Amino acid sequence: MAGSHFDTKAADWDSNNRRRILAEKVAAAISRLLDGKQLKALEFGCGTGLVGLELAQFFTAMTAVDTSKEMIRVLTDKLQERGITQIRPLQQDIVTEPLSEKFQLVFTSMALHHVQDIDGVLHVLADHLEPGGMFAIADLDENEHSFHNDHSHGFTHNGFNRDTLAEKLQSFGFSVPEFIDVHTMLRKDKDGNEHPFTVFLLSCYKIK
Ligand SMILES: C[S@@+](CC[C@H](N)C(=O)[O-])C[C@H]1O[C@@H](n2cnc3c(N)ncnc32)[C@H](O)[C@@H]1O
């Protein structure tokens with residue numbers, strides 16, 4: 001997906017309370033899974049690093065990838081301001097240009113629903129994991145309503161069915177995924193009607 005929509009949002013991304021609260025909840029849930037382990041990690045669709053920066057203490061090294069140049073610019077500035085050196089920000093579409101290294105943890109928050117070819121991106125992310133490595137996905141549950149109602153994002157999935165995603169991941173060589181309910185957000189549609197959107201954290205391990 002082109003980074004243009006997210007480029008226009010990057011400078012003000014962190015000023016949105018809803019995004020910060022969600023990111024804190026996702027990071028807290030991932031940190032409970034890590035249980036103090038120190039890992040080499042990859043974050044897909046890192047944005048300005050709202051989730052990744054919360055988890056920095058757990059990483060011996062972390063590569064934070066995003067296709068949006070401006071998201072990566074904001075993250076780079078934050079890393080410099082805070083003197084964080086173990087996180088490497090990278091503007092790259094790893095779906096078309098994969099990295100040569102492998103990671104012990106691959107995680108992503110609220111990015112997958114922006115990627116049309118889910119099978120393709122899951123295969124690519126699986127390829128970036130070491131055998132035994134953990135895959136953690138935070139995203140929207142399937143919903144009859146659209147989380148993004150202004151079409152400025154281009155294509156988006158209306159969330160994911162947990163069973164379908166779990167079956168897919170197992171067929172791609174992962175252990176049986178576990179799901180945690182992370183957060184519920186209320187959003188208004190274009191007619192002003194409010195709908196709940198729930199967010200899950202899925203975790204599983206690469207077994208092949
Ligand atoms: C809704 S934002 C979430 C950002 C961040 N994870 C957060 O929680 O604040 C989705 C992010 O995914 C990125 N993205 C979308 N498609 C991508 C792709 N194919 N590769 C890498 N990043 C992508 C966008 O540029 C954007 O920064």
# chains A, B, ... in the order shown; residues from 1 in each chain; ligands from 1
call {"tool": "residues_near_ligand", "arguments": {"ligand": "ligand 1", "cutoff": "7 Å", "atoms": "only C-alpha atoms and all ligand atoms", "output": "ChimeraX atom specification"}}
result
/A:1,3,6,19,23,44-51,65-68,71,92-95,108-111,114-115
call {"tool": "write_last_selection", "arguments": {"atoms": "C-alpha atoms", "output": "PDB file, in the first residue's frame"}}
result
ATOM      1  CA  MET A   1       0.000   0.000   0.000  1.00  0.00           C
ATOM      2  CA  GLY A   3       2.532   5.450   2.135  1.00  0.00           C
ATOM      3  CA  PHE A   6       0.072   7.834   6.339  1.00  0.00           C
ATOM      4  CA  ARG A  19      -4.084   5.660  19.181  1.00  0.00           C
ATOM      5  CA  ALA A  23      -0.741   1.212  21.553  1.00  0.00           C
ATOM      6  CA  PHE A  44       5.895  -4.492  10.665  1.00  0.00           C
ATOM      7  CA  GLY A  45       3.997  -1.234  10.034  1.00  0.00           C
ATOM      8  CA  CYS A  46       5.633   0.484  13.010  1.00  0.00           C
ATOM      9  CA  GLY A  47       4.258   3.954  12.275  1.00  0.00           C
ATOM     10  CA  THR A  48       5.776   6.463  14.711  1.00  0.00           C
ATOM     11  CA  GLY A  49       6.779   3.650  17.073  1.00  0.00           C
ATOM     12  CA  LEU A  50       3.924   3.995  19.571  1.00  0.00           C
ATOM     13  CA  VAL A  51       4.019   0.250  20.291  1.00  0.00           C
ATOM     14  CA  VAL A  65       9.746  -1.156   9.117  1.00  0.00           C
ATOM     15  CA  ASP A  66       7.085   0.968   7.507  1.00  0.00           C
ATOM     16  CA  THR A  67       6.363   2.005   3.922  1.00  0.00           C
ATOM     17  CA  SER A  68       5.586   5.580   4.976  1.00  0.00           C
ATOM     18  CA  MET A  71       6.134   7.828   9.772  1.00  0.00           C
ATOM     19  CA  GLN A  92      10.992  -0.384   3.109  1.00  0.00           C
ATOM     20  CA  ASP A  93       8.224  -2.569   1.729  1.00  0.00           C
ATOM     21  CA  ILE A  94       9.502  -5.911   2.992  1.00  0.00           C
ATOM     22  CA  VAL A  95       6.690  -7.689   1.129  1.00  0.00           C
ATOM     23  CA  THR A 108       2.607  -5.833  14.189  1.00  0.00           C
ATOM     24  CA  SER A 109      -0.201  -3.613  15.444  1.00  0.00           C
ATOM     25  CA  MET A 110      -3.076  -2.229  13.379  1.00  0.00           C
ATOM     26  CA  ALA A 111      -1.147  -2.579  10.113  1.00  0.00           C
ATOM     27  CA  HIS A 114      -4.260  -2.172   5.489  1.00  0.00           C
ATOM     28  CA  VAL A 115      -2.622  -4.944   3.444  1.00  0.00           C
TER      29      VAL A 115
END
call {"tool": "residues_around", "arguments": {"residues": "A:Phe179", "least_positions_apart": "3", "cutoff": "7 Å", "atoms": "only C-alpha atoms", "output": "mmCIF file with N, CA and C atoms, in the first residue's frame"}}
result
data_model
loop_
_atom_site.group_PDB
_atom_site.id
_atom_site.type_symbol
_atom_site.label_atom_id
_atom_site.label_comp_id
_atom_site.auth_asym_id
_atom_site.auth_seq_id
_atom_site.Cartn_x
_atom_site.Cartn_y
_atom_site.Cartn_z
ATOM 1 N N PHE A 200 -7.799 -7.667 19.034
ATOM 2 C CA PHE A 200 -7.211 -8.875 19.627
ATOM 3 C C PHE A 200 -5.689 -8.797 19.558
ATOM 4 N N LEU A 201 -5.052 -9.559 20.432
ATOM 5 C CA LEU A 201 -3.626 -9.853 20.251
ATOM 6 C C LEU A 201 -3.517 -11.356 20.061
ATOM 7 N N LEU A 202 -3.018 -11.751 18.910
ATOM 8 C CA LEU A 202 -2.801 -13.171 18.593
ATOM 9 C C LEU A 202 -1.319 -13.456 18.801
ATOM 10 N N SER A 203 -1.005 -14.608 19.369
ATOM 11 C CA SER A 203 0.404 -15.019 19.438
ATOM 12 C C SER A 203 0.520 -16.490 19.069
#
call {"tool": "closest_residue", "arguments": {"among": "A:Leu112, A:Glu101, A:Val199, A:Val182", "to": "A:Glu142", "atoms": "only C-alpha atoms"}}
result
A:Val199
call {"tool": "closest_residue", "arguments": {"among": "A:Trp13, A:Phe197, A:Phe160, A:Phe58", "to": "A:His145", "atoms": "only C-alpha atoms"}}
result
A:Phe197
call {"tool": "atom_distance", "arguments": {"atom1": "atom CA of A:Leu39", "atom2": "atom CA of A:Thr198"}}
result
28.3 Å
call {"tool": "residues_around", "arguments": {"residues": "stretch 24-27 of chain A", "least_positions_apart": "3", "cutoff": "7 Å", "atoms": "only C-alpha atoms", "output": "JSON, numbers by chain"}}
result
{"A": [20, 21, 30, 31, 51, 54, 55, 138, 182]}
call {"tool": "residues_around", "arguments": {"residues": "stretch 81-91 of chain A", "least_positions_apart": "3", "cutoff": "8 Å", "atoms": "only C-alpha atoms", "output": "list in words"}}
result
Ala56, Phe59, Thr60, Ala61, Met62, Thr63, Ala64, Val65, Asp66, Thr67, Ser68, Lys69, Ile72, Leu75, Thr76, Asp77 and Lys78 of chain A
call {"tool": "select_by_dssp", "arguments": {"residues": "stretch 46-95 of chain A", "states": "strand (DSSP E or B)", "output": "PyMOL selection string"}}
result
chain A and resi 59-66+87-91
call {"tool": "residues_around", "arguments": {"residues": "A:Asp189", "least_positions_apart": "3", "cutoff": "9 Å", "atoms": "only C-alpha atoms", "output": "MDAnalysis selection string"}}
result
chainID A and resid 145:149 192:195
call {"tool": "write_last_selection", "arguments": {"atoms": "C-alpha atoms", "output": "PDB file, in the first residue's frame"}}
result
ATOM      1  CA  HIS A 145     -18.908  -1.802  10.081  1.00  0.00           C
ATOM      2  CA  SER A 146     -15.822  -0.192   8.652  1.00  0.00           C
ATOM      3  CA  PHE A 147     -13.283   1.216  11.098  1.00  0.00           C
ATOM      4  CA  HIS A 148     -12.215   3.637   8.351  1.00  0.00           C
ATOM      5  CA  ASN A 149     -15.232   5.301   6.817  1.00  0.00           C
ATOM      6  CA  GLY A 192     -23.014   9.522  13.329  1.00  0.00           C
ATOM      7  CA  ASN A 193     -23.925   6.085  14.744  1.00  0.00           C
ATOM      8  CA  GLU A 194     -21.419   4.710  17.232  1.00  0.00           C
ATOM      9  CA  HIS A 195     -20.107   1.125  16.908  1.00  0.00           C
TER      10      HIS A 195
END
call {"tool": "closest_residue", "arguments": {"among": "A:Ala10, A:Met134, A:Val121, A:Val176", "to": "A:Tyr205", "atoms": "only C-alpha atoms"}}
result
A:Met134
call {"tool": "select_by_dssp", "arguments": {"residues": "stretch 26-119 of chain A", "states": "helix (DSSP H, G or I)", "output": "JSON, numbers by chain"}}
result
{"A": [26, 27, 28, 29, 30, 31, 32, 33, 34, 53, 54, 55, 56, 57, 58, 69, 70, 71, 72, 73, 74, 75, 76, 77, 78, 79, 80, 81, 82, 112, 113, 114, 118, 119]}
call {"tool": "atom_distance", "arguments": {"atom1": "atom CA of A:Asp119", "atom2": "atom CA of A:Arg73"}}
result
28.8 Å
call {"tool": "closest_residue", "arguments": {"among": "A:Gly159, A:Asp181, A:Leu186, A:Phe107", "to": "A:Cys204", "atoms": "only C-alpha atoms"}}
result
A:Phe107
call {"tool": "closest_residue", "arguments": {"among": "A:Glu70, A:Glu97, A:Asp139, A:Asp12", "to": "A:Val124", "atoms": "only C-alpha atoms"}}
result
A:Glu97
